[in-house]
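Participant: Just work_19.csv, nothing more (CSV, C-alpha atoms):
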chain,number,residue,atom,x,y,z
A,263,MET,CA,89.0,74.6,70.7
A,264,SER,CA,87.0,76.8,73.1
A,265,ARG,CA,87.5,80.5,73.2
A,266,ARG,CA,88.1,82.3,76.5
A,267,THR,CA,85.8,85.1,77.4
A,268,PRO,CA,87.8,88.3,77.6
A,269,ARG,CA,87.9,89.7,81.2
A,270,LEU,CA,89.2,92.8,82.8
A,271,PRO,CA,92.4,92.4,84.9
A,272,SER,CA,91.6,91.6,88.5
A,273,TRP,CA,93.6,94.6,89.6
A,274,LEU,CA,91.3,96.9,87.5
A,275,PRO,CA,87.9,97.0,89.3
A,276,ILE,CA,85.5,98.8,87.0
A,277,ASP,CA,82.7,99.3,89.4
A,278,PRO,CA,79.4,98.0,87.8
A,279,TYR,CA,77.7,100.8,89.7
A,280,ILE,CA,79.6,103.4,87.9
A,281,LEU,CA,78.3,101.9,84.7
A,282,ALA,CA,74.8,102.2,86.1
A,283,LEU,CA,75.5,105.8,87.0
A,284,LEU,CA,76.8,106.5,83.4
A,285,GLY,CA,73.7,104.8,82.0
A,286,THR,CA,71.5,107.1,84.2
A,287,VAL,CA,73.4,110.1,82.9
A,288,ALA,CA,72.8,109.0,79.4
A,289,LEU,CA,69.1,108.5,80.1
A,290,ALA,CA,68.9,112.0,81.5
A,291,ALA,CA,70.7,113.4,78.4
A,292,LEU,CA,68.3,111.6,76.0
A,293,LEU,CA,65.1,111.9,78.1
A,294,PRO,CA,65.4,114.6,80.7
A,295,ALA,CA,62.6,115.0,83.1
A,296,SER,CA,60.7,118.2,82.5
A,297,GLY,CA,57.4,119.9,83.5
A,298,ARG,CA,55.2,117.8,85.8
A,299,THR,CA,57.5,114.8,85.4
A,300,ALA,CA,60.4,117.0,86.8
A,301,ASP,CA,58.3,118.0,89.7
A,302,VAL,CA,57.5,114.4,90.6
A,303,ALA,CA,61.1,113.3,90.1
A,304,GLY,CA,62.3,116.2,92.3
A,305,GLY,CA,59.9,115.3,95.1
A,306,ALA,CA,61.0,111.6,94.8
A,307,SER,CA,64.6,112.7,94.9
A,308,THR,CA,64.1,114.7,98.0
A,309,GLY,CA,62.5,111.8,99.7
A,310,ALA,CA,65.3,109.5,98.5
A,311,VAL,CA,67.9,111.7,100.1
A,312,ALA,CA,66.1,111.7,103.4
A,313,LEU,CA,65.8,107.9,103.3
A,314,LEU,CA,69.5,107.5,102.5
A,315,PHE,CA,70.5,109.5,105.5
A,316,PHE,CA,67.9,107.8,107.8
A,317,LEU,CA,69.5,104.5,106.8
A,318,TYR,CA,73.0,105.9,107.4
A,319,GLY,CA,72.0,106.9,110.9
A,320,ALA,CA,70.3,103.6,111.7
A,321,ARG,CA,73.3,101.6,110.5
A,322,LEU,CA,75.9,103.4,112.5
A,323,SER,CA,76.6,101.6,115.8
A,324,THR,CA,76.9,104.1,118.6
A,325,ARG,CA,78.8,101.5,120.7
A,326,GLU,CA,81.3,100.9,117.9
A,327,ALA,CA,81.8,104.6,117.5
A,328,ILE,CA,82.4,105.0,121.3
A,329,ASP,CA,84.8,102.0,121.4
A,330,GLY,CA,86.7,103.4,118.5
A,331,LEU,CA,87.5,106.6,120.4
A,332,ARG,CA,90.3,104.8,122.2
A,333,HIS,CA,92.3,105.0,118.9
A,334,TRP,CA,91.6,108.8,118.7
A,335,ARG,CA,95.0,109.7,117.2
A,336,LEU,CA,94.3,107.7,114.1
A,337,HIS,CA,90.8,109.1,113.7
A,338,VAL,CA,92.0,112.6,114.2
A,339,THR,CA,94.6,112.0,111.5
A,340,VAL,CA,92.0,110.7,109.0
A,341,LEU,CA,89.6,113.6,109.8
A,342,ALA,CA,92.5,116.1,109.3
A,343,ALA,CA,93.3,114.5,105.9
A,344,THR,CA,89.7,114.5,104.8
A,345,PHE,CA,88.5,118.0,106.1
A,346,VAL,CA,91.8,120.0,106.3
A,347,VAL,CA,94.4,118.7,103.8
A,348,PHE,CA,92.0,117.9,101.0
A,349,PRO,CA,90.3,121.3,101.2
A,350,LEU,CA,93.7,123.1,101.2
A,351,LEU,CA,94.7,121.2,98.1
A,352,GLY,CA,91.3,122.1,96.5
A,353,LEU,CA,91.9,125.8,97.3
A,354,ALA,CA,95.4,125.6,95.8
A,355,ALA,CA,93.8,124.4,92.6
A,356,ARG,CA,92.0,127.7,92.2
A,357,GLY,CA,94.9,128.9,90.1
A,358,LEU,CA,93.7,126.5,87.4
A,359,GLU,CA,90.5,128.5,86.9
A,360,PRO,CA,89.5,129.5,84.2
A,361,ALA,CA,92.5,128.5,82.0
A,362,VAL,CA,92.4,124.8,82.8
A,363,LEU,CA,89.0,124.3,84.5
A,364,THR,CA,85.8,126.2,84.0
A,365,PRO,CA,84.4,127.9,87.2
A,366,GLU,CA,81.7,125.2,87.4
A,367,LEU,CA,84.1,122.3,87.1
A,368,TYR,CA,86.4,124.0,89.7
A,369,SER,CA,83.4,124.3,92.1
A,370,GLY,CA,82.8,120.6,91.6
A,371,LEU,CA,86.5,119.8,92.3
A,372,LEU,CA,86.5,121.9,95.4
A,373,PHE,CA,83.2,120.3,96.6
A,374,LEU,CA,84.9,116.9,96.0
A,375,CYS,CA,87.6,117.9,98.5
A,376,LEU,CA,84.9,118.7,101.1
A,377,VAL,CA,83.1,115.4,101.0
A,378,PRO,CA,83.6,112.8,103.8
A,379,SER,CA,85.6,109.6,103.4
A,380,THR,CA,84.2,106.2,102.3
A,381,ILE,CA,83.3,103.4,104.6
A,382,GLN,CA,82.9,100.1,102.7
A,383,SER,CA,85.7,100.5,100.2
A,384,SER,CA,88.1,101.8,102.9
A,385,ILE,CA,87.4,98.6,104.9
A,386,ALA,CA,87.7,96.4,101.8
A,387,PHE,CA,91.1,97.8,100.8
A,388,THR,CA,92.4,97.8,104.3
A,389,SER,CA,91.5,94.2,104.7
A,390,MET,CA,93.2,93.3,101.3
A,391,ALA,CA,96.4,95.1,102.4
A,392,ARG,CA,96.4,93.4,105.8
A,393,GLY,CA,95.9,96.6,107.8
A,394,ASN,CA,93.9,97.6,110.8
A,395,VAL,CA,90.3,96.8,109.7
A,396,PRO,CA,88.5,97.8,113.0
A,397,ALA,CA,90.3,101.2,112.8
A,398,ALA,CA,89.2,101.6,109.2
A,399,ILE,CA,85.6,100.9,110.2
A,400,CYS,CA,85.6,103.5,112.9
A,401,ALA,CA,87.5,106.1,110.8
A,402,GLY,CA,85.1,105.8,107.9
A,403,SER,CA,82.1,106.0,110.3
A,404,PHE,CA,83.5,109.1,112.1
A,405,SER,CA,84.2,110.8,108.8
A,406,SER,CA,80.7,110.2,107.5
A,407,LEU,CA,79.2,111.4,110.7
A,408,ALA,CA,81.4,114.5,110.7
A,409,GLY,CA,80.7,115.2,107.1
A,410,ILE,CA,77.0,115.7,107.6
A,411,VAL,CA,77.9,118.9,109.5
A,412,LEU,CA,81.3,119.8,108.2
A,413,THR,CA,80.7,119.4,104.5
A,414,PRO,CA,77.8,121.9,104.3
A,415,LEU,CA,79.7,124.4,106.6
A,416,LEU,CA,82.9,124.2,104.6
A,417,ALA,CA,80.9,124.6,101.4
A,418,ALA,CA,79.2,127.7,102.8
A,419,VAL,CA,82.6,129.2,103.7
A,420,LEU,CA,84.7,128.1,100.7
A,421,LEU,CA,82.2,127.9,97.9
A,422,GLY,CA,79.9,130.8,98.9
A,423,GLY,CA,77.7,131.8,96.0
A,424,GLY,CA,79.1,128.9,94.0
A,425,ALA,CA,77.2,126.4,96.1
A,426,GLY,CA,73.8,127.3,94.6
A,427,GLY,CA,73.8,130.6,96.5
A,428,PHE,CA,74.3,129.2,100.0
A,429,SER,CA,71.9,130.9,102.4
A,430,ALA,CA,69.8,130.4,105.5
A,431,ASP,CA,67.3,128.6,103.3
A,432,SER,CA,70.0,126.2,102.0
A,433,LEU,CA,71.1,125.6,105.6
A,434,LEU,CA,67.5,124.8,106.6
A,435,ARG,CA,67.1,122.3,103.6
A,436,ILE,CA,70.4,120.6,104.7
A,437,VAL,CA,69.1,120.2,108.3
A,438,LEU,CA,65.7,118.9,107.2
A,439,GLN,CA,67.0,116.6,104.4
A,440,LEU,CA,70.2,115.3,105.9
A,441,LEU,CA,70.6,115.9,109.6
A,442,VAL,CA,67.1,115.3,110.9
A,443,PRO,CA,66.7,111.9,109.0
A,444,PHE,CA,70.2,110.9,110.2
A,445,LEU,CA,69.4,111.7,113.9
A,446,ALA,CA,66.0,109.9,113.5
A,447,GLY,CA,67.9,106.8,112.3
A,448,GLN,CA,70.2,107.0,115.3
A,449,LEU,CA,67.2,107.4,117.7
A,450,LEU,CA,65.3,104.5,116.2
A,451,ARG,CA,68.3,102.2,115.7
A,452,ARG,CA,67.5,99.9,118.6
A,453,TRP,CA,64.1,99.1,117.0
A,454,VAL,CA,65.0,99.0,113.3
A,455,SER,CA,68.6,97.5,113.4
A,456,GLY,CA,67.3,93.9,113.3
A,457,PHE,CA,65.1,94.7,110.3
A,458,LEU,CA,68.1,96.3,108.5
A,459,VAL,CA,70.3,93.3,109.1
A,460,ARG,CA,67.7,90.8,107.9
A,461,HIS,CA,67.0,92.8,104.7
A,462,LYS,CA,70.6,94.1,104.1
A,463,LYS,CA,70.7,92.9,100.5
A,464,VAL,CA,67.3,94.5,99.6
A,465,LEU,CA,68.2,97.7,101.3
A,466,GLY,CA,71.5,97.8,99.4
A,467,TYR,CA,69.4,98.0,96.2
A,468,VAL,CA,67.3,100.8,97.8
A,469,ASP,CA,70.5,102.7,98.6
A,470,ARG,CA,71.9,102.5,95.1
A,471,GLY,CA,68.5,103.0,93.4
A,472,SER,CA,68.0,106.2,95.5
A,473,ILE,CA,71.3,107.5,94.4
A,474,LEU,CA,70.5,106.7,90.7
A,475,LEU,CA,67.2,108.7,91.1
A,476,VAL,CA,69.2,111.6,92.6
A,477,VAL,CA,71.6,111.5,89.7
A,478,TYR,CA,68.8,111.4,87.1
A,479,THR,CA,67.1,114.4,88.6
A,480,ALA,CA,70.3,116.4,88.9
A,481,PHE,CA,71.4,115.7,85.4
A,482,SER,CA,67.9,116.3,84.0
A,483,GLU,CA,67.9,119.8,85.6
A,484,GLY,CA,71.4,120.4,84.1
A,485,MET,CA,70.2,119.4,80.7
A,486,ASN,CA,67.1,121.7,80.9
A,487,ALA,CA,69.4,124.5,82.1
A,488,GLY,CA,71.9,123.9,79.2
A,489,VAL,CA,74.9,123.6,81.6
A,490,TRP,CA,76.5,120.8,79.5
A,491,HIS,CA,77.2,123.1,76.7
A,492,GLN,CA,80.0,124.5,78.9
A,493,VAL,CA,82.0,121.3,79.0
A,494,THR,CA,84.3,120.1,76.2
A,495,PRO,CA,86.4,117.0,75.9
A,496,VAL,CA,89.6,119.0,76.5
A,497,ARG,CA,88.2,120.3,79.8
A,498,LEU,CA,87.2,116.8,80.8
A,499,GLY,CA,90.7,115.5,80.0
A,500,ALA,CA,92.2,118.4,82.1
A,501,LEU,CA,89.9,117.5,85.0
A,502,LEU,CA,91.1,113.9,84.9
A,503,VAL,CA,94.7,114.9,85.0
A,504,VAL,CA,94.0,117.3,87.9
A,505,GLU,CA,92.2,114.6,89.9
A,506,ALA,CA,95.0,112.1,89.2
A,507,VAL,CA,97.5,114.6,90.7
A,508,LEU,CA,95.1,115.2,93.7
A,509,LEU,CA,94.8,111.5,94.4
A,510,ALA,CA,98.5,110.8,94.1
A,511,ALA,CA,99.2,113.7,96.5
A,512,MET,CA,96.8,112.4,99.1
A,513,LEU,CA,98.0,108.8,98.9
A,514,THR,CA,101.6,110.0,99.4
A,515,LEU,CA,100.8,112.4,102.2
A,516,THR,CA,98.7,109.9,104.2
A,517,TRP,CA,101.2,107.1,103.9
A,518,PHE,CA,104.4,109.0,104.7
A,519,GLY,CA,102.7,111.5,107.0
A,520,ALA,CA,101.3,108.6,109.1
A,521,LYS,CA,104.9,107.2,109.3
A,522,ARG,CA,106.2,110.5,110.4
A,523,LEU,CA,103.6,110.6,113.1
A,524,GLY,CA,104.8,107.3,114.5
A,525,PHE,CA,102.0,105.0,113.4
A,526,GLY,CA,102.7,101.3,112.7
A,527,ARG,CA,102.2,99.6,109.3
A,528,ALA,CA,98.7,98.3,110.0
A,529,ASP,CA,97.5,101.8,111.1
A,530,ARG,CA,99.2,103.5,108.2
A,531,ILE,CA,97.3,101.3,105.8
A,532,ALA,CA,94.0,102.3,107.4
A,533,ILE,CA,95.0,105.9,107.4
A,534,GLN,CA,96.0,105.9,103.8
A,535,PHE,CA,92.8,104.2,102.5
A,536,ALA,CA,90.4,106.1,104.8
A,537,GLY,CA,92.1,109.4,104.4
A,538,SER,CA,92.6,109.5,100.6
A,539,LYS,CA,89.2,108.6,99.4
A,540,LYS,CA,85.8,110.4,99.0
A,541,SER,CA,82.3,109.0,99.4
A,542,LEU,CA,80.1,109.1,96.3
A,543,ALA,CA,77.1,107.9,98.3
A,544,ALA,CA,77.3,110.9,100.7
A,545,GLY,CA,78.5,113.5,98.2
A,546,LEU,CA,75.8,113.0,95.5
A,547,PRO,CA,72.8,113.8,97.8
A,548,MET,CA,74.6,116.7,99.4
A,549,ALA,CA,75.4,118.2,96.0
A,550,THR,CA,71.8,118.2,95.0
A,551,VAL,CA,70.9,120.2,98.1
A,552,LEU,CA,73.8,122.6,97.8
A,553,PHE,CA,74.0,123.2,94.0
A,554,GLY,CA,70.5,123.0,92.7
A,555,ALA,CA,70.4,123.1,88.8
A,556,GLN,CA,74.2,123.2,88.8
A,557,ALA,CA,74.5,119.9,90.6
A,558,SER,CA,75.1,117.8,87.4
A,559,LEU,CA,78.5,119.6,86.8
A,560,ALA,CA,79.2,119.7,90.5
A,561,VAL,CA,79.0,115.9,90.9
A,562,LEU,CA,81.0,115.1,87.8
A,563,PRO,CA,84.4,115.5,89.4
A,564,LEU,CA,83.3,113.3,92.3
A,565,MET,CA,82.0,110.5,90.0
A,566,LEU,CA,85.3,110.5,88.1
A,567,PHE,CA,87.4,110.6,91.3
A,568,HIS,CA,85.4,107.7,92.7
A,569,GLN,CA,86.2,105.3,89.9
A,570,MET,CA,89.8,106.5,89.8
A,571,GLN,CA,90.3,105.9,93.5
A,572,LEU,CA,88.9,102.4,93.2
A,573,MET,CA,91.3,101.4,90.4
A,574,VAL,CA,94.4,102.9,92.0
A,575,CYS,CA,93.7,101.8,95.5
A,576,ALA,CA,93.1,98.2,94.4
A,577,VAL,CA,96.6,98.1,92.9
A,578,ILE,CA,98.1,99.6,96.1
A,579,ALA,CA,96.2,97.2,98.4
A,580,LYS,CA,97.3,94.1,96.6
A,581,ARG,CA,100.9,95.3,96.6
A,582,ARG,CA,100.7,96.2,100.3
A,583,ALA,CA,99.5,92.6,101.0
A,584,HIS,CA,102.8,91.3,99.7
A,585,ASP,CA,105.1,93.8,101.3
A,586,PRO,CA,108.2,91.9,102.5
A,587,ASP,CA,108.4,94.0,105.8
A,588,HIS,CA,104.9,93.5,107.1
A,589,THR,CA,104.6,91.5,110.3
A,590,THR,CA,101.0,92.1,111.2
A,591,PRO,CA,98.6,89.3,110.3
A,592,ALA,CA,95.4,90.0,108.5
A,593,PRO,CA,92.7,91.0,111.1
A,594,ARG,CA,90.0,88.4,111.3
A,595,ARG,CA,87.3,90.6,112.7
A,596,ALA,CA,85.0,92.6,110.3
A,597,ALA,CA,87.2,91.8,107.2
A,598,ALA,CA,85.6,92.8,104.0
A,599,PRO,CA,85.5,90.5,100.9
A,600,ASP,CA,88.2,91.0,98.3
A,601,SER,CA,85.9,91.6,95.3
A,602,PRO,CA,84.9,94.6,93.2
A,603,ALA,CA,81.3,94.1,94.3
A,604,ALA,CA,82.4,95.1,97.8
A,605,LEU,CA,83.8,98.4,96.6
A,606,ARG,CA,80.6,100.2,95.8
A,607,THR,CA,79.8,103.8,96.5
A,608,ARG,CA,80.6,104.3,100.1
Can you present the structure in this file as structure tokens?
Facilitator:
Amino acid sequence: MSRRTPRLPSWLPIDPYILALLGTVALAALLPASGRTADVAGGASTGAVALLFFLYGARLSTREAIDGLRHWRLHVTVLAATFVVFPLLGLAARGLEPAVLTPELYSGLLFLCLVPSTIQSSIAFTSMARGNVPAAICAGSFSSLAGIVLTPLLAAVLLGGGAGGFSADSLLRIVLQLLVPFLAGQLLRRWVSGFLVRHKKVLGYVDRGSILLVVYTAFSEGMNAGVWHQVTPVRLGALLVVEAVLLAAMLTLTWFGAKRLGFGRADRIAIQFAGSKKSLAAGLPMATVLFGAQASLAVLPLMLFHQMQLMVCAVIAKRRAHDPDHTTPAPRRAAAPDSPAALRTR
């Protein structure tokens, strides 16, 4: 009699990339980069961040973005959820400091609320739920584009000194490491887009490898600075509870708020999934620029929220697909595969 290999439930997508991130964190805890090695890792991390944002710019279709403007009400709603409602909820959580969350964890939670939305997982979940997939593509793209400018500016205003001492020098680093490479990718897109399409799989590994390098460098700096002595299991448990409440609030507000604004079911699905999630791929590089040695604690809430949103949204998407009142067929164009591998970091 053969034994069945135990498997996780299909509705519980434990992202393998999260396991890789956790392994990177463990490596940084056991063998943190220091001295000359830290200098080399730091330089490589800076280059990796610039490469990531160059690729983001080169992949974003300007024509798709312009065509998507025709559905401007939906995109404005997603942007408002991402860069207005989320930050307001983050500010409301300030009352939890320091009794529930340490100042460092609260800064990370507030930073999480300032990060742009995802692209790939928003598309995948919208497709699974039989929603408006083209709208999800444009909404995620607009959010990522706006986040390059809005996230640092909001961090400067709301985090102040908590964001690594935000200053003119910090702003210059953001422009050089994030905005300039992104604009270069946009300008060179017509010449490099074919190469990116042909080598999409390999460049996907480059993306994820670059982020792992950023995480290793950030957590190594945190270990060398001793910041992890400030975190206890009780504080981590409290952070998970706070993030669960935050995610539940945003899922509820985007779903019923979109209904109140008069959107149809397919559009409400796109709004809910694009407006309730945060991008790990965009947030991690930004945190290293904004927080410096404190980046390891700053990105912890984002890493936890990322996995939580994947698990919860997978359940919601599959239930939405079987709603008895839906009449909109699944869009055929640009549908994303229904698999945990499609729900990576974006």
Participant: Could you please determine the separation between CA of Lys463 (chain A) and CA of Val476 (chain A) in Å, to one decimal place?
Facilitator: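 Value for the CA of Lys463 (chain A)-CA of Val476 (chain A) distance: 20.4 Å.
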Participant: Using Å and a single decimal, report how far CA of Leu434 (chain A) sits from CA of Gly304 (chain A).
Facilitator: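 According to the coordinates, CA of Gly304 (chain A) and CA of Leu434 (chain A) are separated by 17.5 Å.
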Participant: Using all atoms listed in the file, which of A:Pro495, A:Gly402, A:Gly352, A:Gly309 sits nearest Leu438 (chain A)?
Facilitator: A:Gly309
Participant: Pick from A:Ser403, A:Thr516, A:Gln439, A:Gln448: nearest to Ser307 (chain A), with only C-alpha atoms counted?
Facilitator: A:Gln439
Participant: CA of Glu366 (chain A) and CA of Pro563 (chain A), how far apart in Å?
Facilitator: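 Spanning CA of Pro563 (chain A) to CA of Glu366 (chain A) is a straight-line distance of 10.3 Å.
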Participant: May I ask which of the residues A:Pro294, A:Pro365, A:Pro378, A:Pro360 is the closest one to Ser541 (chain A), counting all atoms listed in the file?
Facilitator: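 Smallest separation from Ser541 (chain A) among the options: A:Pro378.
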Participant: Which residues come within 10 Å of Leu450 (chain A), counting only C-alpha atoms, excluding same-chain residues fewer than 5 positions away, as a CSV table (one decimal) with C-alpha atoms, in the frame of the given file?
Facilitator:
chain,number,residue,atom,x,y,z
A,316,PHE,CA,67.9,107.8,107.8
A,319,GLY,CA,72.0,106.9,110.9
A,320,ALA,CA,70.3,103.6,111.7
A,445,LEU,CA,69.4,111.7,113.9
A,455,SER,CA,68.6,97.5,113.4
Participant: For Ser472 (chain A), find every residue with an atom within 10 Å (counting all atoms listed in the file), except residues of its own chain fewer than 4 positions away, and show them as JSON, numbers by chain.
Facilitator: {"A": [306, 307, 308, 309, 310, 311, 312, 313, 314, 466, 467, 468, 476, 477, 478, 543, 547]}
Participant: So, with only C-alpha atoms as the atoms that count, which of A:Ala544, A:Arg452, A:Leu336, A:Leu407 lies closest to Lys521 (chain A)?
Facilitator: A:Leu336
Participant: Looking at A:Met512, A:Ala417, A:Ala290, A:Ala391, which one is nearest to Thr344 (chain A), with distances taken over only C-alpha atoms?
Facilitator: A:Met512
Participant: Give the answer as one residue: which of A:Thr413, A:Ser482, A:Thr514, A:Gln569 has the shortest atom-to-atom distance to Phe373 (chain A), using all atoms listed in the file?
Facilitator: A:Thr413
Participant: Give as a ChimeraX atom specification each residue that has an atom at most 10 Å from (84.9, 124.8, 101.9) in the file, counting all atoms listed in the file.
Facilitator: /A:345-346,348-350,352-353,369,372-377,412-422,425
Participant: Let's have the selection written as a tab-separated table (two decimals), in the coordinates of the input, with C-alpha atoms.
Facilitator:
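Once written, again20.tsv looks like this:
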chain	number	residue	atom	x	y	z
A	345	PHE	CA	88.50	118.00	106.10
A	346	VAL	CA	91.80	120.00	106.30
A	348	PHE	CA	92.00	117.90	101.00
A	349	PRO	CA	90.30	121.30	101.20
A	350	LEU	CA	93.70	123.10	101.20
A	352	GLY	CA	91.30	122.10	96.50
A	353	LEU	CA	91.90	125.80	97.30
A	369	SER	CA	83.40	124.30	92.10
A	372	LEU	CA	86.50	121.90	95.40
A	373	PHE	CA	83.20	120.30	96.60
A	374	LEU	CA	84.90	116.90	96.00
A	375	CYS	CA	87.60	117.90	98.50
A	376	LEU	CA	84.90	118.70	101.10
A	377	VAL	CA	83.10	115.40	101.00
A	412	LEU	CA	81.30	119.80	108.20
A	413	THR	CA	80.70	119.40	104.50
A	414	PRO	CA	77.80	121.90	104.30
A	415	LEU	CA	79.70	124.40	106.60
A	416	LEU	CA	82.90	124.20	104.60
A	417	ALA	CA	80.90	124.60	101.40
A	418	ALA	CA	79.20	127.70	102.80
A	419	VAL	CA	82.60	129.20	103.70
A	420	LEU	CA	84.70	128.10	100.70
A	421	LEU	CA	82.20	127.90	97.90
A	422	GLY	CA	79.90	130.80	98.90
A	425	ALA	CA	77.20	126.40	96.10
